[in-house]
Amino acid sequence: MSAMIRINNVSKWYGEFQVLTECTTQVAKGEVVVVCGPSGSGKSTLIKCVNALEAFQKGEIIVDGTSVGDAKTDLPKLRSRVGMVFQHFELFPHLSITDNLAIAQVKVLGRSQDEATEKGLKLLNRVGLKAHAHKYPGQLSGGQQQRVAIARALSMDPIAMLFDEPTSALDPEMINEVLDVMTELAQEGMTMMCVTHEMGFARRVANRVIFMDRGQIIEDCGKEEFFGSPRSERAVQFLSKILQH
Amino acid sequence: MDFSQILPALPGLWQGMALTLQLLILAVLGGVALGTLIALGRLSHHRLLASAAKLYVNYFRSIPLLLVISWFYLVVPLVLQWLTGNPSPVGPFTSCLVAFVMFEAAYFAEIVRAGIQSIPKGQAGAAYAIGMSYGQVMRLVILPQAFRKMTPLLLQQSIILFQDTSLVYAVGLMDFLNTARSKGDIIGQPDQFLLLAGAVYFVSSFAASALVKRLQQRLAI
Ligand SMILES: Nc1ncnc2c1ncn2[C@@H]1O[C@H](COP(=O)(O)OP(=O)(O)O)[C@@H](O)[C@H]1O
Ligand SMILES: [Mg+2]
């Protein structure tokens, strides 16, 4: 299998503090990888390194053949090809839903306004929110905003999607509507790297699970192995804690 | 007040007010534009640029406006002559405008900087993540939100500037106050005209402040 995302020996420091230590993994085309681990273990930092929202000091990351750390890489172009969904949605509050979906298509990809609006509406329909096109983000519930955020990422026709705890800011009754959209995406063959503590989602959808602790990748294995017989004690502890909830 | 004295002076006073307003509007537009660039400089990761912007702000906030006005009156024509190569007489209006723009930019810059910093970091993150360049992130996502939040503060600063424009008397520019004073001097009754000028400044500034307060409350909701 060809790797869509290849992370090789990546280390990162914030000043003296080492936040990532020699992380190595890869995500194949069409693969869904769930990243979990305690708070502060470096999960967000790792996936933000993949689309260069964070810089790293050692190692390399290759996305679809392009080296992220290379000074010559056109980072905006790379980022436009990798979708990202955030914990707090981060829709643009001063723009309507329609414009949230169209703005990057027009300004980054150079599509016409009509084309971008049409594509946005199609995606909005797909996440079940077509009736809300004219509204502003502040008028939508958290779950609806997150579905719009996913649609916004998809509007760029990404080659892979990164999710950073997409459901952890949501009220419990809204979590499933977002997970359903993500599950559908996965089934359509999208390459996905998801930081999430939704172990039900991981069991159903993931191909592999990565467990991180203190900036290191402690486990990186198929989901059957991870849920069946995790090797590290820390992963066992983490799982028992999280599955109690 | 003796309106038989004031009435004939009204056209002249209006001309003075027109100059005051013209100066005010141009200085606010220029000051906000330059101030925004300076604020972006201060927030830049480029250390030299950030220090230069900080120095600019601290410098202009540490000297009196009257000094800047007088100084630019002497310097601006020289600079222009040096730039263009031939003597270019600039009137006091242009030199005052340049002085106000550069001076006010220091104050506007701090307002804009606070406005930019008040926008959650994730907004810029999301804008970069979708492929925008630095310029697009600022122009399309951060500044539109920041300006919305800052509008009351920018207007308040503009009201202060409205009053400060009266300092142009130092270089002989006939703004509203200077016109009122000279009209009063001519007929030997300066007190009448100064009272009138005071009333005009008070009413317009007070009304504008009240409007800004209401706007602030509406934006806060
Ligand atoms: N900008 C930063 N400066 C310094 N330390 C940071 C910064 N961002 C994150 N950290 C630290 O790096 C560690 C990992 O953070 P993060 O990747 O957000 O963890 P996670 O997503 O797994 O909760 C944490 O200890 C956090 O405090
Ligand atoms: Mg995190």
# chains A, B, ... in the order shown; residues from 1 in each chain; ligands from 1
>>> residues_around(residues="Leu13 in chain B", least_positions_apart="2", cutoff="10 Å", atoms="only C-alpha atoms", output="list of chain:residue names")
B:Ile6, B:Leu7, B:Pro8, B:Ala9, B:Leu10, B:Pro11, B:Gln15, B:Gly16, B:Met17, B:Ala18, B:Leu19, B:Met174, B:Asp175, B:Phe176, B:Leu177, B:Asn178, B:Thr179, B:Ala180, B:Arg181, B:Lys183, B:Phe193, B:Ala197
>>> residues_near_ligand(ligand="ligand 2", cutoff="12 Å", atoms="only C-alpha atoms and all ligand atoms", output="PDB file with N, CA and C atoms, in the first residue's frame")
ATOM      1  N   VAL A  35      -6.057   8.332  16.657  1.00  0.00           N
ATOM      2  CA  VAL A  35      -4.974   8.667  17.582  1.00  0.00           C
ATOM      3  C   VAL A  35      -5.601   8.982  18.929  1.00  0.00           C
ATOM      4  N   CYS A  36      -5.167   8.251  19.966  1.00  0.00           N
ATOM      5  CA  CYS A  36      -5.706   8.540  21.286  1.00  0.00           C
ATOM      6  C   CYS A  36      -4.581   8.610  22.295  1.00  0.00           C
ATOM      7  N   GLY A  37      -4.938   8.983  23.512  1.00  0.00           N
ATOM      8  CA  GLY A  37      -3.923   9.136  24.551  1.00  0.00           C
ATOM      9  C   GLY A  37      -4.352  10.221  25.515  1.00  0.00           C
ATOM     10  N   PRO A  38      -3.685  10.257  26.680  1.00  0.00           N
ATOM     11  CA  PRO A  38      -4.090  11.240  27.690  1.00  0.00           C
ATOM     12  C   PRO A  38      -3.940  12.673  27.203  1.00  0.00           C
ATOM     13  N   SER A  39      -4.630  13.574  27.862  1.00  0.00           N
ATOM     14  CA  SER A  39      -4.538  14.995  27.547  1.00  0.00           C
ATOM     15  C   SER A  39      -3.104  15.474  27.734  1.00  0.00           C
ATOM     16  N   GLY A  40      -2.612  16.239  26.777  1.00  0.00           N
ATOM     17  CA  GLY A  40      -1.249  16.760  26.873  1.00  0.00           C
ATOM     18  C   GLY A  40      -0.192  15.822  26.342  1.00  0.00           C
ATOM     19  N   SER A  41      -0.618  14.699  25.723  1.00  0.00           N
ATOM     20  CA  SER A  41       0.369  13.732  25.263  1.00  0.00           C
ATOM     21  C   SER A  41       0.946  14.087  23.890  1.00  0.00           C
ATOM     22  N   GLY A  42       0.418  15.125  23.249  1.00  0.00           N
ATOM     23  CA  GLY A  42       0.996  15.562  21.979  1.00  0.00           C
ATOM     24  C   GLY A  42       0.199  15.170  20.755  1.00  0.00           C
ATOM     25  N   LYS A  43      -1.047  14.720  20.939  1.00  0.00           N
ATOM     26  CA  LYS A  43      -1.863  14.275  19.803  1.00  0.00           C
ATOM     27  C   LYS A  43      -2.140  15.430  18.836  1.00  0.00           C
ATOM     28  N   SER A  44      -2.619  16.550  19.389  1.00  0.00           N
ATOM     29  CA  SER A  44      -2.902  17.705  18.537  1.00  0.00           C
ATOM     30  C   SER A  44      -1.646  18.177  17.843  1.00  0.00           C
ATOM     31  N   THR A  45      -0.566  18.247  18.598  1.00  0.00           N
ATOM     32  CA  THR A  45       0.692  18.718  18.026  1.00  0.00           C
ATOM     33  C   THR A  45       1.109  17.832  16.854  1.00  0.00           C
ATOM     34  N   LEU A  46       0.988  16.528  17.022  1.00  0.00           N
ATOM     35  CA  LEU A  46       1.403  15.613  15.952  1.00  0.00           C
ATOM     36  C   LEU A  46       0.578  15.838  14.686  1.00  0.00           C
ATOM     37  N   ILE A  47      -0.756  15.914  14.804  1.00  0.00           N
ATOM     38  CA  ILE A  47      -1.503  16.046  13.553  1.00  0.00           C
ATOM     39  C   ILE A  47      -1.364  17.452  12.972  1.00  0.00           C
ATOM     40  N   LYS A  48      -1.078  18.443  13.825  1.00  0.00           N
ATOM     41  CA  LYS A  48      -0.842  19.781  13.277  1.00  0.00           C
ATOM     42  C   LYS A  48       0.495  19.865  12.550  1.00  0.00           C
ATOM     43  N   PHE A  86     -11.532  20.943  13.572  1.00  0.00           N
ATOM     44  CA  PHE A  86     -11.024  21.299  14.896  1.00  0.00           C
ATOM     45  C   PHE A  86     -12.060  21.031  15.982  1.00  0.00           C
ATOM     46  N   GLN A  87     -11.547  20.942  17.199  1.00  0.00           N
ATOM     47  CA  GLN A  87     -12.420  20.725  18.348  1.00  0.00           C
ATOM     48  C   GLN A  87     -13.500  21.808  18.458  1.00  0.00           C
ATOM     49  N   HIS A  88     -13.084  23.059  18.242  1.00  0.00           N
ATOM     50  CA  HIS A  88     -14.045  24.157  18.394  1.00  0.00           C
ATOM     51  C   HIS A  88     -14.559  24.678  17.054  1.00  0.00           C
ATOM     52  N   PHE A 163      -8.609  15.146  11.862  1.00  0.00           N
ATOM     53  CA  PHE A 163      -9.633  15.544  12.832  1.00  0.00           C
ATOM     54  C   PHE A 163      -8.975  15.677  14.201  1.00  0.00           C
ATOM     55  N   ASP A 164      -9.191  16.814  14.861  1.00  0.00           N
ATOM     56  CA  ASP A 164      -8.624  16.995  16.205  1.00  0.00           C
ATOM     57  C   ASP A 164      -9.746  17.061  17.233  1.00  0.00           C
ATOM     58  N   GLU A 165     -10.051  15.937  17.833  1.00  0.00           N
ATOM     59  CA  GLU A 165     -11.137  15.825  18.813  1.00  0.00           C
ATOM     60  C   GLU A 165     -12.419  16.520  18.337  1.00  0.00           C
ATOM     61  N   PRO A 166     -12.957  16.064  17.212  1.00  0.00           N
ATOM     62  CA  PRO A 166     -14.092  16.783  16.606  1.00  0.00           C
ATOM     63  C   PRO A 166     -15.374  16.735  17.435  1.00  0.00           C
ATOM     64  N   THR A 167     -15.458  15.824  18.390  1.00  0.00           N
ATOM     65  CA  THR A 167     -16.716  15.730  19.143  1.00  0.00           C
ATOM     66  C   THR A 167     -16.563  16.095  20.615  1.00  0.00           C
ATOM     67  N   SER A 168     -15.353  16.463  21.043  1.00  0.00           N
ATOM     68  CA  SER A 168     -15.189  16.612  22.493  1.00  0.00           C
ATOM     69  C   SER A 168     -15.733  17.934  23.026  1.00  0.00           C
ATOM     70  N   ALA A 169     -16.087  18.877  22.137  1.00  0.00           N
ATOM     71  CA  ALA A 169     -16.699  20.112  22.631  1.00  0.00           C
ATOM     72  C   ALA A 169     -18.224  20.059  22.501  1.00  0.00           C
ATOM     73  N   CYS A 194      -7.615  10.648  12.841  1.00  0.00           N
ATOM     74  CA  CYS A 194      -8.573  11.229  13.779  1.00  0.00           C
ATOM     75  C   CYS A 194      -8.071  11.144  15.203  1.00  0.00           C
ATOM     76  N   VAL A 195      -7.856  12.303  15.813  1.00  0.00           N
ATOM     77  CA  VAL A 195      -7.636  12.313  17.258  1.00  0.00           C
ATOM     78  C   VAL A 195      -9.016  12.275  17.897  1.00  0.00           C
ATOM     79  N   THR A 196      -9.306  11.220  18.627  1.00  0.00           N
ATOM     80  CA  THR A 196     -10.617  11.128  19.269  1.00  0.00           C
ATOM     81  C   THR A 196     -10.572  10.131  20.410  1.00  0.00           C
ATOM     82  N   HIS A 197     -11.449  10.338  21.357  1.00  0.00           N
ATOM     83  CA  HIS A 197     -11.594   9.379  22.450  1.00  0.00           C
ATOM     84  C   HIS A 197     -12.866   8.578  22.298  1.00  0.00           C
ATOM     85  N   MET A 212      -0.732   7.477  22.164  1.00  0.00           N
ATOM     86  CA  MET A 212       0.395   8.355  22.493  1.00  0.00           C
ATOM     87  C   MET A 212       0.427   8.647  23.981  1.00  0.00           C
ATOM     88  N   GLY A 215       4.330  12.508  24.448  1.00  0.00           N
ATOM     89  CA  GLY A 215       5.028  12.845  23.212  1.00  0.00           C
ATOM     90  C   GLY A 215       5.549  11.674  22.415  1.00  0.00           C
TER      91      GLY A 215
END
>>> atom_distance(atom1="CA of Tyr73 in chain B", atom2="CA of Ile38 in chain B")
23.4 Å
>>> atom_distance(atom1="CA of Gln237 in chain A", atom2="atom 23 (O, counted along the ligand's line) of ligand 1")
16.9 Å
>>> interface_residues(of="chain B", to="chain A", cutoff="12 Å", atoms="only C-alpha atoms", output="ChimeraX atom specification")
/B:119-137,139-149
>>> residues_around(residues="Ser2 in chain A", least_positions_apart="2", cutoff="8 Å", atoms="only C-alpha atoms", output="PyMOL selection string")
chain A and resi 4+28-29
>>> write_last_selection(atoms="N, CA and C atoms", output="PDB file, in the first residue's frame")
ATOM      1  N   MET A   4      -0.086   7.648   2.230  1.00  0.00           N
ATOM      2  CA  MET A   4      -0.513   9.013   1.929  1.00  0.00           C
ATOM      3  C   MET A   4       0.204   9.986   2.854  1.00  0.00           C
ATOM      4  N   ALA A  28      -1.918   4.892   5.214  1.00  0.00           N
ATOM      5  CA  ALA A  28      -2.034   4.520   3.807  1.00  0.00           C
ATOM      6  C   ALA A  28      -3.242   5.206   3.184  1.00  0.00           C
ATOM      7  N   LYS A  29      -3.249   5.223   1.846  1.00  0.00           N
ATOM      8  CA  LYS A  29      -4.394   5.800   1.138  1.00  0.00           C
ATOM      9  C   LYS A  29      -5.654   5.025   1.513  1.00  0.00           C
TER      10      LYS A  29
END
>>> closest_residue(among="B:Ala33, B:Ile159, B:Leu55, B:Cys96", to="Leu74 in chain B", atoms="only C-alpha atoms")
B:Cys96
>>> closest_residue(among="A:Ala133, A:Ile217, A:Met192, A:Val32", to="ligand 1", atoms="only C-alpha atoms and all ligand atoms")
A:Ile217
>>> closest_residue(among="A:Gly143, A:Gly110, A:Gly30, A:Gly128", to="Asn207 in chain A", atoms="only C-alpha atoms")
A:Gly30
>>> closest_residue(among="A:Leu239, A:Ile97, A:Ala160, A:Glu224", to="Glu198 in chain A", atoms="only C-alpha atoms")
A:Leu239
>>> atom_distance(atom1="CA of Phe108 in chain B", atom2="CA of Ala52 in chain B")
16.2 Å
>>> select_by_dssp(residues="range 105-211 of chain A", states="strand (DSSP E)", output="PyMOL selection string")
chain A and resi 160-164+192-195+208-211
>>> write_last_selection(atoms="all heavy atoms", output="compact mmCIF listing (two decimals), in the first residue's frame")
# COMPACT_ATOMS: atom_id res chain seq x y z
N ALA A 160 -6.73 13.96 2.02
CA ALA A 160 -6.77 13.34 3.35
C ALA A 160 -7.43 14.31 4.31
O ALA A 160 -7.49 15.51 4.05
CB ALA A 160 -5.36 13.00 3.83
N MET A 161 -7.95 13.77 5.41
CA MET A 161 -8.60 14.63 6.41
C MET A 161 -7.99 14.38 7.78
O MET A 161 -7.76 13.24 8.18
CB MET A 161 -10.10 14.31 6.48
CG MET A 161 -10.90 14.70 5.25
SD MET A 161 -11.47 16.42 5.31
CE MET A 161 -12.76 16.30 6.54
N LEU A 162 -7.75 15.48 8.50
CA LEU A 162 -7.25 15.40 9.87
C LEU A 162 -8.36 15.89 10.80
O LEU A 162 -8.99 16.91 10.54
CB LEU A 162 -6.02 16.31 10.04
CG LEU A 162 -4.89 16.11 9.02
CD1 LEU A 162 -3.84 17.21 9.18
CD2 LEU A 162 -4.26 14.74 9.20
N PHE A 163 -8.61 15.15 11.86
CA PHE A 163 -9.63 15.54 12.83
C PHE A 163 -8.97 15.68 14.20
O PHE A 163 -8.30 14.76 14.65
CB PHE A 163 -10.73 14.47 12.93
CG PHE A 163 -11.56 14.32 11.67
CD1 PHE A 163 -11.10 13.54 10.62
CD2 PHE A 163 -12.80 14.94 11.56
CE1 PHE A 163 -11.86 13.39 9.47
CE2 PHE A 163 -13.57 14.78 10.42
CZ PHE A 163 -13.10 14.01 9.36
N ASP A 164 -9.19 16.81 14.86
CA ASP A 164 -8.62 17.00 16.20
C ASP A 164 -9.75 17.06 17.23
O ASP A 164 -10.32 18.11 17.46
CB ASP A 164 -7.77 18.27 16.25
CG ASP A 164 -6.96 18.34 17.55
OD1 ASP A 164 -7.05 17.40 18.36
OD2 ASP A 164 -6.25 19.35 17.75
N MET A 192 -8.01 9.15 6.58
CA MET A 192 -8.34 9.96 7.76
C MET A 192 -7.40 9.69 8.92
O MET A 192 -7.05 8.54 9.20
CB MET A 192 -9.79 9.67 8.22
CG MET A 192 -10.83 10.15 7.21
SD MET A 192 -12.51 9.49 7.44
CE MET A 192 -12.94 10.00 9.07
N MET A 193 -7.01 10.77 9.59
CA MET A 193 -6.25 10.67 10.82
C MET A 193 -7.06 11.41 11.87
O MET A 193 -7.24 12.61 11.79
CB MET A 193 -4.88 11.32 10.62
CG MET A 193 -3.83 10.86 11.59
SD MET A 193 -2.19 11.40 11.05
CE MET A 193 -1.27 10.93 12.51
N CYS A 194 -7.61 10.65 12.84
CA CYS A 194 -8.57 11.23 13.78
C CYS A 194 -8.07 11.14 15.20
O CYS A 194 -7.91 10.05 15.74
CB CYS A 194 -9.91 10.49 13.74
SG CYS A 194 -10.55 10.18 12.11
N VAL A 195 -7.86 12.30 15.81
CA VAL A 195 -7.64 12.31 17.26
C VAL A 195 -9.02 12.28 17.90
O VAL A 195 -9.83 13.17 17.67
CB VAL A 195 -6.90 13.59 17.71
CG1 VAL A 195 -6.78 13.60 19.24
CG2 VAL A 195 -5.53 13.67 17.06
N ARG A 208 -6.49 1.30 12.09
CA ARG A 208 -5.43 1.21 13.08
C ARG A 208 -5.66 2.20 14.20
O ARG A 208 -6.36 3.19 14.05
CB ARG A 208 -4.08 1.50 12.41
CG ARG A 208 -3.45 0.24 11.83
CD ARG A 208 -2.09 0.46 11.19
NE ARG A 208 -1.35 1.58 11.67
CZ ARG A 208 -1.07 2.64 10.90
NH1 ARG A 208 -1.49 2.70 9.66
NH2 ARG A 208 -0.34 3.61 11.40
N VAL A 209 -5.06 1.91 15.35
CA VAL A 209 -5.13 2.83 16.48
C VAL A 209 -3.70 3.16 16.92
O VAL A 209 -2.86 2.26 17.03
CB VAL A 209 -5.91 2.22 17.67
CG1 VAL A 209 -5.94 3.19 18.84
CG2 VAL A 209 -7.33 1.86 17.24
N ILE A 210 -3.47 4.46 17.14
CA ILE A 210 -2.18 4.90 17.68
C ILE A 210 -2.44 5.40 19.08
O ILE A 210 -3.37 6.18 19.31
CB ILE A 210 -1.59 6.03 16.82
CG1 ILE A 210 -1.14 5.49 15.46
CG2 ILE A 210 -0.43 6.72 17.53
CD1 ILE A 210 -0.69 6.56 14.50
N PHE A 211 -1.62 4.93 20.03
CA PHE A 211 -1.74 5.43 21.39
C PHE A 211 -0.51 6.24 21.72
O PHE A 211 0.62 5.78 21.55
CB PHE A 211 -1.90 4.26 22.38
CG PHE A 211 -1.89 4.69 23.82
CD1 PHE A 211 -3.01 5.32 24.37
CD2 PHE A 211 -0.77 4.50 24.61
CE1 PHE A 211 -3.00 5.74 25.69
CE2 PHE A 211 -0.76 4.93 25.94
CZ PHE A 211 -1.88 5.53 26.48
